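Student: Can you read through this structure? Questions will come right after.
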Amino acid sequence: MDHAELLALFDRDLRAGARSDGPDARVERTGGVVRQVASAQGWNGIVWSALDEAGADAAIAAQIGHYTGLGLDFEWKLYGHDRPADLGRRLRAAGFTPGAEETLMIGEADGLAHGTEPPEGVRVVPVTGPAGVDLVADVHEKAFGADSSWLRHQLLARLAADPDTVVAVVAMAGGEPVSAARMELVPGTPFAGLWGGGTVQHWRGRGIYRTLVAHRARAAAARGYRYLQVDASSQSRPILERLGFAPLTTTTPYEYTS
């Protein structure tokens, strides 16, 4: 499958055909957009749109009105191939703030699942309940310097309500959690998404990130998923390219805070 076909499949299955990412969220299709509405602790935002120049500004205003009416901040997840071509400018004019641009990358699970053992003294532990979720959240806060309460809430809910659609792991050095990551499986599609891969500062550069990618690739392949999808930062993109991921387009979060 070439890049254009793969991008079209991604748009169809994961954006236009999006499913909610947790039991307390719902996906709605209205006014040329697909959006998720969740609690204040969940992810709220636009995952796909089919807009033209004539109707884009009105659609943006309608989504602002919808989410602010619910008392929720939200994100418009903009991809580099979305239309109209000036949608990012229109979002900024409407009061959105763009975040860091990332690269949508896709890899074949079978080709990514081999080798890459953890460094000596590090073991990979599956996360199945609250104790493991606490370790994942601890790593997230240390690795990214960000609040992890939303992650704890979302991962606990997913493990309780739909455990077959999520794989979470933590890398332990003795009793210390030093890296963590999760994978969200999308039933009925060939895609599994890799999310949250982070390593605490003093353990970076030792191959743990690559180990957790390979671990999740094996899990995806064993469950019959063909493709792994990642929104890669500028730091992780070179690692993922060396592992065999290919870039398809860019993605930028546009945040709206009421």
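The chains in the structure tokens are called A, B, ... from first to last as shown; in each chain the residues are counted from 1, and the ligands are counted from 1 in the order shown.
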Write out as a list in words each polymer residue whose atoms come within 8 Å of A:Thr249, counting only C-alpha atoms; drop sequence neighbours fewer than 2 positions from it.
Tutor: Tyr79, Gly80, His81, Thr103, Leu104, Met105, Pro247 and Thr251 of chain A
Student: Under the rule of at most 9 Å, produce a per-residue listing of stretch 148-169 of chain A near stretch 34-42 of chain A: chain, number, name, the closest pair of atoms, and the distance in Å, as CSV, using only C-alpha atoms.
Tutor:
```
residue,atom,partner,partner_atom,distance
A:Ser149,CA,A:Gln41,CA,7.6
A:Trp150,CA,A:Gln41,CA,5.0
A:Leu151,CA,A:Gly42,CA,8.3
A:His153,CA,A:Gln41,CA,7.1
A:Gln154,CA,A:Gly42,CA,6.6
```
Student: Write out as a Markdown table a residue-level contact list of stretch 24-135 of chain A versus stretch 176-187 of chain A with cut-off 9 Å: for each qualifying residue the closest pair of atoms and the distance in Å to one decimal, counting only C-alpha atoms, rows sorted by chain and residue number upward.
Tutor:
```
| residue | atom | partner | partner_atom | distance |
| --- | --- | --- | --- | --- |
| A:Val122 | CA | A:Val178 | CA | 8.7 |
| A:Val124 | CA | A:Ala180 | CA | 8.9 |
| A:Leu135 | CA | A:Pro177 | CA | 6.2 |
```
Student: Just to be explicit: take each residue in the selection above, keep C-alpha atoms, and write the result as a tab-separated table (two decimals), in the first residue's frame.
Tutor:
```tsv
chain	number	residue	atom	x	y	z
A	122	VAL	CA	15.55	-3.23	33.43
A	124	VAL	CA	9.17	-4.62	31.23
A	135	LEU	CA	3.53	3.87	38.02
```
Student: For each of A:Val200, A:Ala168, A:Ala100, A:Ala113, take the minimum atom-to-atom distance to A:Val213, counting only C-alpha atoms, then give the residue where this is smallest.
Tutor: A:Ala113
Student: Stretch 31-251 of chain A: which residues are alpha helix (DSSP H) by DSSP, as a PyMOL selection string?
Tutor: chain A and resi 56-69+87-93+109-112+130-144+149-161+208-222+237-243
Student: Within 10 Å of A:Gln229, counting only C-alpha atoms, which residues show up once you throw out same-chain ones fewer than 6 positions away? Write them as a PDB file with N, CA, C and O atoms, in the first residue's frame, please.
Tutor:
```pdb
ATOM      1  N   PHE A  10      -6.209   5.536   6.945  1.00  0.00           N
ATOM      2  CA  PHE A  10      -6.119   6.130   8.277  1.00  0.00           C
ATOM      3  C   PHE A  10      -7.263   7.116   8.501  1.00  0.00           C
ATOM      4  O   PHE A  10      -7.948   7.080   9.531  1.00  0.00           O
ATOM      5  N   LEU A 104       2.724  12.373  11.860  1.00  0.00           N
ATOM      6  CA  LEU A 104       2.004  11.112  11.842  1.00  0.00           C
ATOM      7  C   LEU A 104       2.878  10.077  11.147  1.00  0.00           C
ATOM      8  O   LEU A 104       3.243  10.248   9.980  1.00  0.00           O
ATOM      9  N   MET A 105       3.218   9.002  11.871  1.00  0.00           N
ATOM     10  CA  MET A 105       4.076   7.954  11.338  1.00  0.00           C
ATOM     11  C   MET A 105       3.372   6.610  11.453  1.00  0.00           C
ATOM     12  O   MET A 105       2.652   6.357  12.429  1.00  0.00           O
ATOM     13  N   ILE A 106       3.596   5.760  10.453  1.00  0.00           N
ATOM     14  CA  ILE A 106       2.980   4.436  10.414  1.00  0.00           C
ATOM     15  C   ILE A 106       4.079   3.386  10.212  1.00  0.00           C
ATOM     16  O   ILE A 106       4.990   3.572   9.398  1.00  0.00           O
ATOM     17  N   GLY A 107       3.980   2.283  10.931  1.00  0.00           N
ATOM     18  CA  GLY A 107       4.886   1.157  10.748  1.00  0.00           C
ATOM     19  C   GLY A 107       4.118  -0.147  10.748  1.00  0.00           C
ATOM     20  O   GLY A 107       3.000  -0.222  11.287  1.00  0.00           O
ATOM     21  N   GLU A 108       4.668  -1.165  10.135  1.00  0.00           N
ATOM     22  CA  GLU A 108       4.036  -2.486  10.115  1.00  0.00           C
ATOM     23  C   GLU A 108       4.457  -3.258  11.353  1.00  0.00           C
ATOM     24  O   GLU A 108       5.650  -3.419  11.626  1.00  0.00           O
ATOM     25  N   ALA A 109       3.482  -3.744  12.105  1.00  0.00           N
ATOM     26  CA  ALA A 109       3.745  -4.367  13.405  1.00  0.00           C
ATOM     27  C   ALA A 109       4.719  -5.545  13.290  1.00  0.00           C
ATOM     28  O   ALA A 109       5.645  -5.673  14.098  1.00  0.00           O
ATOM     29  N   MET A 183      -0.656   1.372  24.386  1.00  0.00           N
ATOM     30  CA  MET A 183      -1.111   1.151  23.015  1.00  0.00           C
ATOM     31  C   MET A 183      -2.623   1.002  23.034  1.00  0.00           C
ATOM     32  O   MET A 183      -3.163   0.263  23.852  1.00  0.00           O
ATOM     33  N   GLU A 184      -3.298   1.719  22.143  1.00  0.00           N
ATOM     34  CA  GLU A 184      -4.750   1.642  22.035  1.00  0.00           C
ATOM     35  C   GLU A 184      -5.099   0.911  20.746  1.00  0.00           C
ATOM     36  O   GLU A 184      -4.707   1.333  19.651  1.00  0.00           O
ATOM     37  N   PHE A 191      -5.425  -0.903  12.626  1.00  0.00           N
ATOM     38  CA  PHE A 191      -4.573   0.055  13.323  1.00  0.00           C
ATOM     39  C   PHE A 191      -4.551  -0.128  14.840  1.00  0.00           C
ATOM     40  O   PHE A 191      -5.582  -0.376  15.469  1.00  0.00           O
ATOM     41  N   ALA A 192      -3.351   0.052  15.387  1.00  0.00           N
ATOM     42  CA  ALA A 192      -3.167   0.223  16.826  1.00  0.00           C
ATOM     43  C   ALA A 192      -2.314   1.476  17.018  1.00  0.00           C
ATOM     44  O   ALA A 192      -1.352   1.702  16.274  1.00  0.00           O
ATOM     45  N   GLY A 193      -2.676   2.289  17.984  1.00  0.00           N
ATOM     46  CA  GLY A 193      -1.972   3.552  18.206  1.00  0.00           C
ATOM     47  C   GLY A 193      -1.016   3.463  19.381  1.00  0.00           C
ATOM     48  O   GLY A 193      -1.367   2.943  20.441  1.00  0.00           O
ATOM     49  N   LEU A 194       0.201   3.953  19.188  1.00  0.00           N
ATOM     50  CA  LEU A 194       1.185   4.022  20.266  1.00  0.00           C
ATOM     51  C   LEU A 194       1.136   5.409  20.880  1.00  0.00           C
ATOM     52  O   LEU A 194       1.255   6.416  20.172  1.00  0.00           O
ATOM     53  N   TRP A 195       1.006   5.443  22.216  1.00  0.00           N
ATOM     54  CA  TRP A 195       0.836   6.716  22.912  1.00  0.00           C
ATOM     55  C   TRP A 195       1.683   6.744  24.182  1.00  0.00           C
ATOM     56  O   TRP A 195       1.948   5.716  24.801  1.00  0.00           O
ATOM     57  N   PHE A 245       9.435   3.072  10.856  1.00  0.00           N
ATOM     58  CA  PHE A 245       8.223   3.866  10.657  1.00  0.00           C
ATOM     59  C   PHE A 245       8.415   4.847   9.504  1.00  0.00           C
ATOM     60  O   PHE A 245       9.521   5.350   9.282  1.00  0.00           O
ATOM     61  N   ALA A 246       7.334   5.133   8.791  1.00  0.00           N
ATOM     62  CA  ALA A 246       7.365   6.087   7.689  1.00  0.00           C
ATOM     63  C   ALA A 246       6.472   7.282   8.010  1.00  0.00           C
ATOM     64  O   ALA A 246       5.359   7.103   8.515  1.00  0.00           O
ATOM     65  N   PRO A 247       6.925   8.506   7.708  1.00  0.00           N
ATOM     66  CA  PRO A 247       6.074   9.683   7.915  1.00  0.00           C
ATOM     67  C   PRO A 247       5.018   9.802   6.830  1.00  0.00           C
ATOM     68  O   PRO A 247       5.303   9.575   5.651  1.00  0.00           O
TER      69      PRO A 247
END
```
Student: According to DSSP computed on the backbone, where in stretch 62-117 of chain A is there strand (DSSP E or B)? Give the residues as number ranges by chain.
Tutor: A: 74-79, 97-98, 102-108
Student: Export N, CA, C and O atoms of the chosen residues as a PDB file, in the first residue's frame?
Tutor:
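Output contents, as saved in again_38.pdb:
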```pdb
ATOM      1  N   PHE A  74     -11.331  22.418  24.553  1.00  0.00           N
ATOM      2  CA  PHE A  74     -11.218  21.347  23.571  1.00  0.00           C
ATOM      3  C   PHE A  74     -10.075  21.599  22.606  1.00  0.00           C
ATOM      4  O   PHE A  74      -9.485  22.685  22.578  1.00  0.00           O
ATOM      5  N   GLU A  75      -9.782  20.579  21.816  1.00  0.00           N
ATOM      6  CA  GLU A  75      -8.685  20.612  20.848  1.00  0.00           C
ATOM      7  C   GLU A  75      -9.236  20.341  19.455  1.00  0.00           C
ATOM      8  O   GLU A  75     -10.093  19.476  19.283  1.00  0.00           O
ATOM      9  N   TRP A  76      -8.720  21.062  18.481  1.00  0.00           N
ATOM     10  CA  TRP A  76      -8.990  20.743  17.078  1.00  0.00           C
ATOM     11  C   TRP A  76      -7.711  20.094  16.538  1.00  0.00           C
ATOM     12  O   TRP A  76      -6.691  20.746  16.399  1.00  0.00           O
ATOM     13  N   LYS A  77      -7.773  18.808  16.263  1.00  0.00           N
ATOM     14  CA  LYS A  77      -6.588  18.072  15.834  1.00  0.00           C
ATOM     15  C   LYS A  77      -6.440  18.222  14.324  1.00  0.00           C
ATOM     16  O   LYS A  77      -7.141  17.562  13.553  1.00  0.00           O
ATOM     17  N   LEU A  78      -5.550  19.111  13.910  1.00  0.00           N
ATOM     18  CA  LEU A  78      -5.405  19.470  12.503  1.00  0.00           C
ATOM     19  C   LEU A  78      -4.267  18.678  11.859  1.00  0.00           C
ATOM     20  O   LEU A  78      -3.155  18.617  12.392  1.00  0.00           O
ATOM     21  N   TYR A  79      -4.558  18.090  10.702  1.00  0.00           N
ATOM     22  CA  TYR A  79      -3.553  17.341   9.944  1.00  0.00           C
ATOM     23  C   TYR A  79      -3.111  18.158   8.729  1.00  0.00           C
ATOM     24  O   TYR A  79      -3.866  19.004   8.230  1.00  0.00           O
ATOM     25  N   THR A  97      -5.064  28.215  20.039  1.00  0.00           N
ATOM     26  CA  THR A  97      -3.617  28.327  20.179  1.00  0.00           C
ATOM     27  C   THR A  97      -2.962  27.048  19.681  1.00  0.00           C
ATOM     28  O   THR A  97      -3.250  25.966  20.203  1.00  0.00           O
ATOM     29  N   PRO A  98      -2.085  27.114  18.670  1.00  0.00           N
ATOM     30  CA  PRO A  98      -1.454  25.892  18.171  1.00  0.00           C
ATOM     31  C   PRO A  98      -0.376  25.387  19.113  1.00  0.00           C
ATOM     32  O   PRO A  98       0.365  26.166  19.716  1.00  0.00           O
ATOM     33  N   GLU A 102       3.640  17.750  15.232  1.00  0.00           N
ATOM     34  CA  GLU A 102       4.170  16.396  15.292  1.00  0.00           C
ATOM     35  C   GLU A 102       4.012  15.740  13.918  1.00  0.00           C
ATOM     36  O   GLU A 102       3.383  16.297  13.024  1.00  0.00           O
ATOM     37  N   THR A 103       4.607  14.555  13.775  1.00  0.00           N
ATOM     38  CA  THR A 103       4.561  13.827  12.510  1.00  0.00           C
ATOM     39  C   THR A 103       3.763  12.554  12.685  1.00  0.00           C
ATOM     40  O   THR A 103       4.076  11.751  13.568  1.00  0.00           O
ATOM     41  N   LEU A 104       2.724  12.373  11.860  1.00  0.00           N
ATOM     42  CA  LEU A 104       2.004  11.112  11.842  1.00  0.00           C
ATOM     43  C   LEU A 104       2.878  10.077  11.147  1.00  0.00           C
ATOM     44  O   LEU A 104       3.243  10.248   9.980  1.00  0.00           O
ATOM     45  N   MET A 105       3.218   9.002  11.871  1.00  0.00           N
ATOM     46  CA  MET A 105       4.076   7.954  11.338  1.00  0.00           C
ATOM     47  C   MET A 105       3.372   6.610  11.453  1.00  0.00           C
ATOM     48  O   MET A 105       2.652   6.357  12.429  1.00  0.00           O
ATOM     49  N   ILE A 106       3.596   5.760  10.453  1.00  0.00           N
ATOM     50  CA  ILE A 106       2.980   4.436  10.414  1.00  0.00           C
ATOM     51  C   ILE A 106       4.079   3.386  10.212  1.00  0.00           C
ATOM     52  O   ILE A 106       4.990   3.572   9.398  1.00  0.00           O
ATOM     53  N   GLY A 107       3.980   2.283  10.931  1.00  0.00           N
ATOM     54  CA  GLY A 107       4.886   1.157  10.748  1.00  0.00           C
ATOM     55  C   GLY A 107       4.118  -0.147  10.748  1.00  0.00           C
ATOM     56  O   GLY A 107       3.000  -0.222  11.287  1.00  0.00           O
ATOM     57  N   GLU A 108       4.668  -1.165  10.135  1.00  0.00           N
ATOM     58  CA  GLU A 108       4.036  -2.486  10.115  1.00  0.00           C
ATOM     59  C   GLU A 108       4.457  -3.258  11.353  1.00  0.00           C
ATOM     60  O   GLU A 108       5.650  -3.419  11.626  1.00  0.00           O
TER      61      GLU A 108
END
```
Student: What is the atom CA of A:Ser233 to atom CA of A:Asp13 distance in Å?
Tutor: 22.8 Å
Student: Neighbouring residues of A:Ser148 were defined as those with any atom within 10 Å, considering only C-alpha atoms; residues of the same chain fewer than 4 positions away were excluded. Please report them as a PDB file with all heavy atoms, in the first residue's frame.
Tutor:
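Output below, filename part.pdb:
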```pdb
ATOM      1  N   ASP A 134      -0.647   3.805  38.511  1.00  0.00           N
ATOM      2  CA  ASP A 134       0.060   4.821  39.294  1.00  0.00           C
ATOM      3  C   ASP A 134       1.516   4.949  38.840  1.00  0.00           C
ATOM      4  O   ASP A 134       2.067   6.058  38.786  1.00  0.00           O
ATOM      5  CB  ASP A 134       0.013   4.474  40.786  1.00  0.00           C
ATOM      6  CG  ASP A 134      -1.345   4.741  41.410  1.00  0.00           C
ATOM      7  OD1 ASP A 134      -2.154   5.464  40.785  1.00  0.00           O
ATOM      8  OD2 ASP A 134      -1.604   4.217  42.507  1.00  0.00           O
ATOM      9  N   VAL A 136       2.663   4.278  35.765  1.00  0.00           N
ATOM     10  CA  VAL A 136       2.625   4.941  34.461  1.00  0.00           C
ATOM     11  C   VAL A 136       2.466   6.447  34.642  1.00  0.00           C
ATOM     12  O   VAL A 136       3.164   7.250  34.000  1.00  0.00           O
ATOM     13  CB  VAL A 136       1.479   4.376  33.601  1.00  0.00           C
ATOM     14  CG1 VAL A 136       1.308   5.208  32.328  1.00  0.00           C
ATOM     15  CG2 VAL A 136       1.746   2.923  33.230  1.00  0.00           C
ATOM     16  N   ALA A 137       1.559   6.854  35.511  1.00  0.00           N
ATOM     17  CA  ALA A 137       1.320   8.276  35.746  1.00  0.00           C
ATOM     18  C   ALA A 137       2.547   8.946  36.356  1.00  0.00           C
ATOM     19  O   ALA A 137       2.879  10.089  36.009  1.00  0.00           O
ATOM     20  CB  ALA A 137       0.111   8.446  36.667  1.00  0.00           C
ATOM     21  N   ASP A 138       3.243   8.244  37.232  1.00  0.00           N
ATOM     22  CA  ASP A 138       4.460   8.780  37.844  1.00  0.00           C
ATOM     23  C   ASP A 138       5.524   9.042  36.776  1.00  0.00           C
ATOM     24  O   ASP A 138       6.163  10.104  36.762  1.00  0.00           O
ATOM     25  CB  ASP A 138       4.980   7.793  38.895  1.00  0.00           C
ATOM     26  CG  ASP A 138       6.237   8.296  39.580  1.00  0.00           C
ATOM     27  OD1 ASP A 138       6.168   9.350  40.247  1.00  0.00           O
ATOM     28  OD2 ASP A 138       7.297   7.644  39.448  1.00  0.00           O
ATOM     29  N   VAL A 139       5.707   8.089  35.866  1.00  0.00           N
ATOM     30  CA  VAL A 139       6.680   8.275  34.780  1.00  0.00           C
ATOM     31  C   VAL A 139       6.270   9.447  33.898  1.00  0.00           C
ATOM     32  O   VAL A 139       7.105  10.278  33.503  1.00  0.00           O
ATOM     33  CB  VAL A 139       6.819   6.992  33.940  1.00  0.00           C
ATOM     34  CG1 VAL A 139       7.613   7.273  32.666  1.00  0.00           C
ATOM     35  CG2 VAL A 139       7.488   5.892  34.739  1.00  0.00           C
ATOM     36  N   HIS A 140       4.974   9.535  33.571  1.00  0.00           N
ATOM     37  CA  HIS A 140       4.488  10.601  32.705  1.00  0.00           C
ATOM     38  C   HIS A 140       4.815  11.969  33.295  1.00  0.00           C
ATOM     39  O   HIS A 140       5.287  12.872  32.586  1.00  0.00           O
ATOM     40  CB  HIS A 140       2.974  10.454  32.511  1.00  0.00           C
ATOM     41  CG  HIS A 140       2.387  11.438  31.548  1.00  0.00           C
ATOM     42  ND1 HIS A 140       1.968  12.692  31.927  1.00  0.00           N
ATOM     43  CD2 HIS A 140       2.159  11.350  30.213  1.00  0.00           C
ATOM     44  CE1 HIS A 140       1.507  13.341  30.879  1.00  0.00           C
ATOM     45  NE2 HIS A 140       1.596  12.545  29.826  1.00  0.00           N
ATOM     46  N   GLU A 141       4.588  12.137  34.588  1.00  0.00           N
ATOM     47  CA  GLU A 141       4.864  13.428  35.218  1.00  0.00           C
ATOM     48  C   GLU A 141       6.351  13.760  35.197  1.00  0.00           C
ATOM     49  O   GLU A 141       6.747  14.898  34.938  1.00  0.00           O
ATOM     50  CB  GLU A 141       4.329  13.424  36.645  1.00  0.00           C
ATOM     51  CG  GLU A 141       2.806  13.408  36.713  1.00  0.00           C
ATOM     52  CD  GLU A 141       2.265  13.567  38.123  1.00  0.00           C
ATOM     53  OE1 GLU A 141       3.076  13.515  39.075  1.00  0.00           O
ATOM     54  OE2 GLU A 141       1.039  13.741  38.272  1.00  0.00           O
ATOM     55  N   LYS A 142       7.196  12.756  35.443  1.00  0.00           N
ATOM     56  CA  LYS A 142       8.639  12.995  35.460  1.00  0.00           C
ATOM     57  C   LYS A 142       9.207  13.196  34.062  1.00  0.00           C
ATOM     58  O   LYS A 142      10.107  14.011  33.849  1.00  0.00           O
ATOM     59  CB  LYS A 142       9.348  11.829  36.145  1.00  0.00           C
ATOM     60  CG  LYS A 142       9.067  11.734  37.635  1.00  0.00           C
ATOM     61  CD  LYS A 142       9.720  10.509  38.244  1.00  0.00           C
ATOM     62  CE  LYS A 142       9.450  10.425  39.747  1.00  0.00           C
ATOM     63  NZ  LYS A 142       9.993   9.183  40.342  1.00  0.00           N
ATOM     64  N   PHE A 144       7.541  14.163  31.183  1.00  0.00           N
ATOM     65  CA  PHE A 144       6.986  15.264  30.400  1.00  0.00           C
ATOM     66  C   PHE A 144       6.760  16.532  31.214  1.00  0.00           C
ATOM     67  O   PHE A 144       6.404  17.573  30.638  1.00  0.00           O
ATOM     68  CB  PHE A 144       5.665  14.831  29.757  1.00  0.00           C
ATOM     69  CG  PHE A 144       5.807  13.665  28.817  1.00  0.00           C
ATOM     70  CD1 PHE A 144       5.297  12.422  29.153  1.00  0.00           C
ATOM     71  CD2 PHE A 144       6.471  13.808  27.611  1.00  0.00           C
ATOM     72  CE1 PHE A 144       5.430  11.338  28.288  1.00  0.00           C
ATOM     73  CE2 PHE A 144       6.611  12.735  26.741  1.00  0.00           C
ATOM     74  CZ  PHE A 144       6.086  11.497  27.076  1.00  0.00           C
ATOM     75  N   ARG A 152      -4.322   8.993  34.382  1.00  0.00           N
ATOM     76  CA  ARG A 152      -4.712   8.004  35.395  1.00  0.00           C
ATOM     77  C   ARG A 152      -6.206   7.678  35.249  1.00  0.00           C
ATOM     78  O   ARG A 152      -6.598   6.508  35.243  1.00  0.00           O
ATOM     79  CB  ARG A 152      -4.401   8.539  36.790  1.00  0.00           C
ATOM     80  CG  ARG A 152      -4.753   7.577  37.914  1.00  0.00           C
ATOM     81  CD  ARG A 152      -4.429   8.167  39.277  1.00  0.00           C
ATOM     82  NE  ARG A 152      -2.992   8.093  39.576  1.00  0.00           N
ATOM     83  CZ  ARG A 152      -2.169   9.128  39.526  1.00  0.00           C
ATOM     84  NH1 ARG A 152      -2.625  10.339  39.176  1.00  0.00           N
ATOM     85  NH2 ARG A 152      -0.897   8.991  39.825  1.00  0.00           N
ATOM     86  N   HIS A 153      -7.011   8.712  35.121  1.00  0.00           N
ATOM     87  CA  HIS A 153      -8.461   8.517  34.980  1.00  0.00           C
ATOM     88  C   HIS A 153      -8.780   7.705  33.727  1.00  0.00           C
ATOM     89  O   HIS A 153      -9.549   6.742  33.774  1.00  0.00           O
ATOM     90  CB  HIS A 153      -9.146   9.884  34.929  1.00  0.00           C
ATOM     91  CG  HIS A 153     -10.593   9.831  34.553  1.00  0.00           C
ATOM     92  ND1 HIS A 153     -11.582   9.530  35.453  1.00  0.00           N
ATOM     93  CD2 HIS A 153     -11.212  10.022  33.348  1.00  0.00           C
ATOM     94  CE1 HIS A 153     -12.753   9.546  34.838  1.00  0.00           C
ATOM     95  NE2 HIS A 153     -12.552   9.833  33.565  1.00  0.00           N
ATOM     96  N   GLN A 154      -8.202   8.097  32.595  1.00  0.00           N
ATOM     97  CA  GLN A 154      -8.520   7.452  31.325  1.00  0.00           C
ATOM     98  C   GLN A 154      -8.060   6.001  31.288  1.00  0.00           C
ATOM     99  O   GLN A 154      -8.795   5.109  30.849  1.00  0.00           O
ATOM    100  CB  GLN A 154      -7.880   8.225  30.170  1.00  0.00           C
ATOM    101  CG  GLN A 154      -8.229   7.658  28.791  1.00  0.00           C
ATOM    102  CD  GLN A 154      -7.515   8.398  27.689  1.00  0.00           C
ATOM    103  OE1 GLN A 154      -6.320   8.646  27.750  1.00  0.00           O
ATOM    104  NE2 GLN A 154      -8.262   8.765  26.654  1.00  0.00           N
TER     105      GLN A 154
END
```
Student: Which residue is closest to A:Leu228? Choose from A:Leu6, A:Ala62, A:Ala171, A:Val125 and count only C-alpha atoms.
Tutor: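 That would be A:Leu6, the residue with the smallest distance to A:Leu228.
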Student: Quick one: residues within 12 Å of stretch 91-96 of chain A, only C-alpha atoms counted, chain neighbours fewer than 5 positions away excluded, as a list in words?
Tutor: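 Final neighbour list, sorted by chain and number: Ile46, Ala56, Asp57, Ala58, Ala59, Ile60, Ala61, Ala62, Gln63, Ile64, Gly65, Asp73, Phe74, Glu75, Trp76, Lys77, Leu78, Pro84, Ala85, Asp86, Thr252, Pro253, Tyr254, Glu255, Tyr256, Thr257 and Ser258 of chain A.
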